[in-house]
Amino acid sequence: MNLQGQKVLIVDDLVEARSALKSMLTVLGADRVYSATNGREAVDLIMEHDFDLVLSDYNLGKGKDGQQVLEEARYTNRLRATATFVMITGENAVDRVMGALEYDPDAYITKPFTLSILRERLYRLSLVKHILKPVNQAIDDGDIDGAISQCDAVMVEHPRLLLPVSRLLGKLCLRQERYEDALEAYTRVLESRPASWARLGQAVCFHFLGDTEQAISLIRGTLMDHPLYVQCHDWLAQILVGQGKSEEAQQELEAAVRISPRAVLRQLELGQLALANESYEVAQDAFEQAMRLARYSCYKNSTTYQQFVEAAQHNLDEEQTKENRLLCNKALRALDEMKQEFSGNMGVVFDATVAETRTYQAVKDDEKARSSAEKAEGVLARIKEPTGEQQLTMTEVYIDTGQSEKAQNMVETMKNRGVANDLLKRLSAIENRLSNINAREIAAELNEKGVELYEKGKLRESIEAFDQATRYEEAGISVLLNAIQAKVSYIEKEELDVPQLKDCYRLLRRVGNVGRLDERFDRYQRLKENCERLRRSAGL
Amino acid sequence: MNSKDLAGAIIHDLKNQLHSVLMEGEKAYEDIPAEYQAVLTPLLARTRRVHQDAMQLVTLYRLQERGNFPADDAWPADTIHHAIECFRAHFPDVVVSVDVAADCQGYYNDSLMQMAFANLMNNSAQAGATDIRIHAEEEGSGLMIRFEDNGPGFQEDVLNGDRDSDKEGGSGMGLFFTELIVHHHSQPSKPAEMRLSNGDDDQGAVVTLHLP
């Protein structure tokens with residue numbers, strides 16, 4: 001084993017561990033060793049250098065752990081497939097560590113280890129890596145089908161590498177949606193070795209080939225043997241979602257998160273599922289974790305902040321409790337961070353400001369909601385070419401903060417410029433809301449006019465105004481009662497007008513039942529009795 | 001947390017504390033003048049032993065709790081080598097000879113089997129053996145590993161299945177623990193086995209492991 005000339009990275013938060021490992025590597029010939037004291041530093045170094053070997057402790061104290069370092073290194077393609085990643089774990093802790101959705105290290109080494117253990121592990125690993133080099137080279141070149149062919153060739157020449165080659169082959173075939181081939185690879189392993197990963201792989205193939213029941217039963221069987229095999233829960237959740245059993249799927253993801261809470265992608269999936277299931281507390285927790293875990297990673301995304309705030313809004317109300325205040329502040333802080341972190345992207349700043357408006361609305365702070373809506377308006381004005389979606393969002397915010405005139409103007413501007421087909425449905429919903437608001441406003445105006453005429457004794461004219469007002473479906477109970485009142489007074493004072501009396505009954509039916517506790521109950525009751533009296537005197 | 005989990009957590013902590021004690025002890029050993037090192041040696045050997053027992057307790061706990069000890073490709077030459085390193089810390093004078101091809105390959109959990117191998121060697125040394133021979137070879141898709149020593153051999157009751165040891169200095173878990181680890185590697189249709197016998201003329205203990 002000679003590491004001379006190879007670029008090696010050591011990642012450990014403990015200085016003694018770093019120096020011990022460095023001395024061991026020096027004995028093994030390494031002369032280009034870099035060290036990182038935390039995950040962030042490790043990722044920075046990986047972005048900067050082309051390492052051949054990374055040895056990372058799993059537990060790196062605060063911040064990213066070793067798994068996150070691995071995920072970023074592979075996800076960004078900064079660590080070549082031909083390079084080796086070794087995860088160092090505490091004694092007997094491998095099961096807690098194995099938690100990646102997609103990325104596995106090339107090997108685990110358990111602490112404490114001696115120089116000879118390290119030498120032998122690296123030696124065995126280098127032999128396998130050397131034989132697999134054409135496969136990994138093809139992966140690095142983006143030629144996945146080529147890598148699959150190379151795997152087949154390696155398998156023929158080195159049958160003793162059945163396990164590592166099949167594991168890689170299975171993954172590659174799944175990536176290329178070659179499910180039959182992947183199934184064959186996993187089945188071949190299971191003929192001689194009861195490897196859990198091969199059983200899970202088989203299950204995944206069955207799922208994609210349409211045999212969902214078989215897939216579920218295989219995964220449940222694997223979980224019986226390995227209750228901490230977190231990826232089984234992930235796949236089970238995915239399959240259950242496909243079956244429309246989203247609540248059961250959520251339970252599986254919750255189980256997965258309990259075992260391995262630090263995977264960003266898993267927390268995001270749980271958050272999205274819980275949000276769809278209206279499990280807002282679970283969603284809020286999951287997004288909060290995702291936001292925290294992704295803060296310094298390649299998974300940092302403004303959507304996560306937004307989704308956290310969306311979930312939190314559902315858990316907020318107008319009560320002045322401590323919890324409510326804390327949650328509201330937490331949501332607002334997340335939005336501030338979102339604005340800061342993505343300050344160069346006005347679209348994101350706009351989204352954050354809109355979410356701020358909605359947060360204030362959730363706690364019924366209309367004043368702050370309105371002021372935040374004005375800020376959103378300002379941000380939108382700074383976007384050179386706002387999208388139709390952003391304009392519609394702004395329109396909704398206008399409506400929600402009682403600025404229907406601005407909303408109406410925005411709709412008209414948009415319609416003049418032409419609206420994309422995929423936004424028409426949303427636009428039409430907005431127009432409906434606006435026309436309801438208009439109708440309510442007009443009905444209210446006519447009602448006011450009717451009351452004024454009634455008070456002046458102009459009963460005929462007042463009836464006309466009320467008739468116009470009640471033509472709107474949106475006319476409320478008070479308007480209907482006012483109309484009845486005007487008609488009753490007219491019949492009593494002017495003439496027994498039968499159509500008007502019939503109108504009174506029609507309006508009473510529209511009012512429906514008014515509960516005893518309703519403040520309008522007495523008035524309703526009195527008018528009803530008056531109508532009855534008039535009906536009897538009319539001999540109807 | 002129930003009392004079982006609490007016990008598990010305490011054992012885990014105990015093992016970590018012992019590890020720290022061991023590290024401190026080894027550092028002190030390096031730092032003190034050579035003439036005093038001999039005084040510290042038995043203390044360190046005892047500490048290693050207690051630490052190893054604590055490791056076994058943690059493993060035992062996890063085995064019973066169906067913890068995940070995944071098997072993978074493994075090389076007996078390496079595993080035996082590492083087990084001997086552990087063993088030498090306690091019994092530096094016992095001669096161990098190994099007859100295993102470097103590319104001999106098996107399918108087992110390396111950490112567990114290393115523990116099992118170290119246990120078998122400790123058993124031999126505690127019984128008075130001064131020479132241990134280890135041989136491993138592939139058996140179809142499985143593996144056979146044989147430990148032979150020049151000690152007094154197993155007593156009749158042990159050969160008949162009694163695994164409780166009352167040897168002085170032993171933890172009383174040796175063979176039982178090894179057998180537990182071996183059985184952990186059983187597959188539904190291919191059981192893993194540990195067979196005990198004595199050598200020719202009833203001299204020397206022979207332990208043969210068969211892993212599928």
# chains A, B, ... in the order shown; residues from 1 in each chain; ligands from 1
call {"tool": "interface_residues", "arguments": {"of": "chain B", "to": "chain A", "cutoff": "9 Å", "atoms": "only C-alpha atoms", "output": "count of residues only"}}
result
24
call {"tool": "residues_around", "arguments": {"residues": "Arg46 in chain B", "least_positions_apart": "4", "cutoff": "12 Å", "atoms": "only C-alpha atoms", "output": "ChimeraX atom specification"}}
result
/B:18,21-22,25,40-42,50-53,89-91,169-171
call {"tool": "residues_around", "arguments": {"residues": "Leu275 in chain A", "least_positions_apart": "2", "cutoff": "12 Å", "atoms": "only C-alpha atoms", "output": "number ranges by chain"}}
result
A: 246-247, 250, 268-273, 277-287, 307-315
call {"tool": "select_by_dssp", "arguments": {"residues": "range 90-137 of chain B", "states": "strand (DSSP E)", "output": "list of chain:residue names"}}
result
B:Val95, B:Val96, B:Ser97, B:Val98, B:Asp99, B:Val100, B:Gly106, B:Tyr107, B:Tyr108, B:Asp131, B:Ile132, B:Arg133, B:Ile134, B:His135, B:Ala136, B:Glu137
call {"tool": "residues_around", "arguments": {"residues": "Arg426 in chain A", "least_positions_apart": "6", "cutoff": "12 Å", "atoms": "only C-alpha atoms", "output": "ChimeraX atom specification"}}
result
/A:388-393,395-396,411,419-420,432-433
call {"tool": "closest_residue", "arguments": {"among": "B:Pro92, B:Gly128, B:Gly106, B:Gly153", "to": "Gly140 in chain B", "atoms": "only C-alpha atoms"}}
result
B:Gly106
call {"tool": "select_by_dssp", "arguments": {"residues": "range 93-161 of chain B", "states": "alpha helix (DSSP H)", "output": "PDB file with C-alpha atoms, in the first residue's frame"}}
result
ATOM      1  CA  ASP B 110     -15.594  -8.115  10.230  1.00  0.00           C
ATOM      2  CA  SER B 111     -15.866  -6.393  13.643  1.00  0.00           C
ATOM      3  CA  LEU B 112     -17.899  -9.229  15.134  1.00  0.00           C
ATOM      4  CA  MET B 113     -15.652 -11.989  13.840  1.00  0.00           C
ATOM      5  CA  GLN B 114     -12.544 -10.140  14.983  1.00  0.00           C
ATOM      6  CA  MET B 115     -14.054 -10.137  18.463  1.00  0.00           C
ATOM      7  CA  ALA B 116     -14.873 -13.845  18.185  1.00  0.00           C
ATOM      8  CA  PHE B 117     -11.355 -14.734  17.042  1.00  0.00           C
ATOM      9  CA  ALA B 118      -9.710 -12.686  19.823  1.00  0.00           C
ATOM     10  CA  ASN B 119     -11.999 -14.459  22.283  1.00  0.00           C
ATOM     11  CA  LEU B 120     -10.950 -17.902  21.104  1.00  0.00           C
ATOM     12  CA  MET B 121      -7.281 -16.982  21.437  1.00  0.00           C
ATOM     13  CA  ASN B 122      -7.856 -15.519  24.910  1.00  0.00           C
ATOM     14  CA  ASN B 123      -9.591 -18.758  25.896  1.00  0.00           C
ATOM     15  CA  SER B 124      -6.617 -20.808  24.732  1.00  0.00           C
ATOM     16  CA  ALA B 125      -4.087 -18.628  26.547  1.00  0.00           C
ATOM     17  CA  GLN B 126      -6.131 -18.600  29.741  1.00  0.00           C
ATOM     18  CA  GLU B 156     -15.952 -33.265  28.838  1.00  0.00           C
ATOM     19  CA  ASP B 157     -18.838 -31.019  29.982  1.00  0.00           C
ATOM     20  CA  VAL B 158     -17.752 -28.246  27.607  1.00  0.00           C
ATOM     21  CA  LEU B 159     -17.556 -30.712  24.726  1.00  0.00           C
TER      22      LEU B 159
END
call {"tool": "residues_around", "arguments": {"residues": "range 167-171 of chain A", "least_positions_apart": "3", "cutoff": "6 Å", "atoms": "only C-alpha atoms", "output": "list in words"}}
result
Pro164, Leu174, Ala182 and Ala185 of chain A
call {"tool": "closest_residue", "arguments": {"among": "B:Glu137, B:Asp13, B:Asp31, B:Asp131", "to": "Ala77 in chain B", "atoms": "only C-alpha atoms"}}
result
B:Glu137
call {"tool": "atom_distance", "arguments": {"atom1": "CA of Val128 in chain A", "atom2": "CA of Pro105 in chain A"}}
result
13.7 Å
call {"tool": "residues_around", "arguments": {"residues": "Ala73 in chain A", "least_positions_apart": "2", "cutoff": "10 Å", "atoms": "only C-alpha atoms", "output": "PDB file with N, CA and C atoms, in the first residue's frame"}}
result
ATOM      1  N   ALA A  42     -14.294  20.914   4.892  1.00  0.00           N
ATOM      2  CA  ALA A  42     -14.064  19.748   4.028  1.00  0.00           C
ATOM      3  C   ALA A  42     -14.662  19.992   2.650  1.00  0.00           C
ATOM      4  N   VAL A  43     -15.902  20.487   2.626  1.00  0.00           N
ATOM      5  CA  VAL A  43     -16.563  20.713   1.338  1.00  0.00           C
ATOM      6  C   VAL A  43     -15.818  21.794   0.547  1.00  0.00           C
ATOM      7  N   ASP A  44     -15.389  22.842   1.255  1.00  0.00           N
ATOM      8  CA  ASP A  44     -14.628  23.898   0.570  1.00  0.00           C
ATOM      9  C   ASP A  44     -13.377  23.311  -0.089  1.00  0.00           C
ATOM     10  N   ILE A  46     -12.881  20.208  -0.942  1.00  0.00           N
ATOM     11  CA  ILE A  46     -13.262  19.291  -2.036  1.00  0.00           C
ATOM     12  C   ILE A  46     -13.605  20.092  -3.306  1.00  0.00           C
ATOM     13  N   MET A  47     -14.209  21.260  -3.097  1.00  0.00           N
ATOM     14  CA  MET A  47     -14.559  22.103  -4.246  1.00  0.00           C
ATOM     15  C   MET A  47     -13.289  22.625  -4.933  1.00  0.00           C
ATOM     16  N   VAL A  54     -10.610  10.397   0.385  1.00  0.00           N
ATOM     17  CA  VAL A  54     -11.117  11.213   1.492  1.00  0.00           C
ATOM     18  C   VAL A  54     -11.406  10.264   2.654  1.00  0.00           C
ATOM     19  N   GLN A  67     -21.585  12.146   6.455  1.00  0.00           N
ATOM     20  CA  GLN A  67     -22.503  11.745   5.389  1.00  0.00           C
ATOM     21  C   GLN A  67     -22.845  12.939   4.500  1.00  0.00           C
ATOM     22  N   GLN A  68     -23.033  14.087   5.131  1.00  0.00           N
ATOM     23  CA  GLN A  68     -23.356  15.289   4.346  1.00  0.00           C
ATOM     24  C   GLN A  68     -22.174  15.712   3.477  1.00  0.00           C
ATOM     25  N   VAL A  69     -20.970  15.535   4.020  1.00  0.00           N
ATOM     26  CA  VAL A  69     -19.774  15.850   3.232  1.00  0.00           C
ATOM     27  C   VAL A  69     -19.753  14.946   1.997  1.00  0.00           C
ATOM     28  N   LEU A  70     -19.996  13.660   2.224  1.00  0.00           N
ATOM     29  CA  LEU A  70     -20.007  12.697   1.116  1.00  0.00           C
ATOM     30  C   LEU A  70     -21.063  13.069   0.074  1.00  0.00           C
ATOM     31  N   GLU A  71     -22.272  13.375   0.563  1.00  0.00           N
ATOM     32  CA  GLU A  71     -23.365  13.702  -0.362  1.00  0.00           C
ATOM     33  C   GLU A  71     -23.013  14.907  -1.228  1.00  0.00           C
ATOM     34  N   TYR A  75     -22.705  14.610  -5.060  1.00  0.00           N
ATOM     35  CA  TYR A  75     -23.818  15.305  -5.713  1.00  0.00           C
ATOM     36  C   TYR A  75     -23.312  16.381  -6.680  1.00  0.00           C
ATOM     37  N   THR A  76     -22.246  17.062  -6.257  1.00  0.00           N
ATOM     38  CA  THR A  76     -21.712  18.134  -7.100  1.00  0.00           C
ATOM     39  C   THR A  76     -20.704  17.599  -8.119  1.00  0.00           C
ATOM     40  N   ASN A  77     -20.494  16.274  -8.096  1.00  0.00           N
ATOM     41  CA  ASN A  77     -19.512  15.635  -8.982  1.00  0.00           C
ATOM     42  C   ASN A  77     -18.102  16.144  -8.747  1.00  0.00           C
ATOM     43  N   ARG A  78     -17.848  16.716  -7.579  1.00  0.00           N
ATOM     44  CA  ARG A  78     -16.511  17.211  -7.294  1.00  0.00           C
ATOM     45  C   ARG A  78     -15.598  16.069  -6.850  1.00  0.00           C
ATOM     46  N   LEU A  79     -16.192  14.998  -6.343  1.00  0.00           N
ATOM     47  CA  LEU A  79     -15.366  13.844  -6.002  1.00  0.00           C
ATOM     48  C   LEU A  79     -15.649  12.786  -7.065  1.00  0.00           C
ATOM     49  N   ARG A  80     -14.615  12.473  -7.842  1.00  0.00           N
ATOM     50  CA  ARG A  80     -14.803  11.545  -8.962  1.00  0.00           C
ATOM     51  C   ARG A  80     -15.243  10.173  -8.453  1.00  0.00           C
ATOM     52  N   PHE A  85     -13.931   7.285  -0.994  1.00  0.00           N
ATOM     53  CA  PHE A  85     -14.399   7.966   0.221  1.00  0.00           C
ATOM     54  C   PHE A  85     -14.559   6.912   1.307  1.00  0.00           C
ATOM     55  N   TYR A 103     -26.241   8.030  -1.582  1.00  0.00           N
ATOM     56  CA  TYR A 103     -24.777   7.958  -1.599  1.00  0.00           C
ATOM     57  C   TYR A 103     -24.214   7.102  -0.473  1.00  0.00           C
ATOM     58  N   CYS A 298     -25.213  22.184  -0.314  1.00  0.00           N
ATOM     59  CA  CYS A 298     -25.633  22.369  -1.698  1.00  0.00           C
ATOM     60  C   CYS A 298     -27.154  22.277  -1.829  1.00  0.00           C
TER      61      CYS A 298
END
call {"tool": "residues_around", "arguments": {"residues": "Leu211 in chain B", "least_positions_apart": "3", "cutoff": "10 Å", "atoms": "only C-alpha atoms", "output": "mmCIF file with C-alpha atoms, in the first residue's frame"}}
result
data_model
loop_
_atom_site.group_PDB
_atom_site.id
_atom_site.type_symbol
_atom_site.label_atom_id
_atom_site.label_comp_id
_atom_site.auth_asym_id
_atom_site.auth_seq_id
_atom_site.Cartn_x
_atom_site.Cartn_y
_atom_site.Cartn_z
ATOM 1 C CA GLY B 106 -15.578 -14.869 3.361
ATOM 2 C CA TYR B 107 -18.897 -13.184 3.976
ATOM 3 C CA TYR B 108 -19.241 -11.960 7.530
ATOM 4 C CA GLU B 138 -13.023 -21.365 1.552
ATOM 5 C CA GLU B 139 -15.631 -24.127 1.542
ATOM 6 C CA SER B 141 -19.383 -20.267 -1.034
ATOM 7 C CA GLY B 142 -18.706 -20.544 2.704
ATOM 8 C CA LEU B 143 -15.696 -20.447 4.965
ATOM 9 C CA MET B 144 -14.029 -22.763 7.482
ATOM 10 C CA ILE B 145 -11.749 -21.392 10.208
ATOM 11 C CA VAL B 182 -21.104 -17.370 14.884
ATOM 12 C CA HIS B 183 -24.837 -18.076 14.977
ATOM 13 C CA HIS B 184 -25.526 -14.474 14.029
ATOM 14 C CA HIS B 185 -24.059 -15.389 10.645
ATOM 15 C CA SER B 186 -26.516 -18.229 10.022
ATOM 16 C CA GLN B 187 -28.651 -18.068 6.920
ATOM 17 C CA LYS B 190 -27.282 -22.596 5.741
ATOM 18 C CA PRO B 191 -26.564 -22.541 9.475
ATOM 19 C CA ALA B 192 -23.281 -21.208 10.830
ATOM 20 C CA GLU B 193 -21.637 -23.599 13.274
ATOM 21 C CA MET B 194 -19.028 -23.736 15.979
ATOM 22 C CA THR B 208 -13.800 -25.160 14.071
#
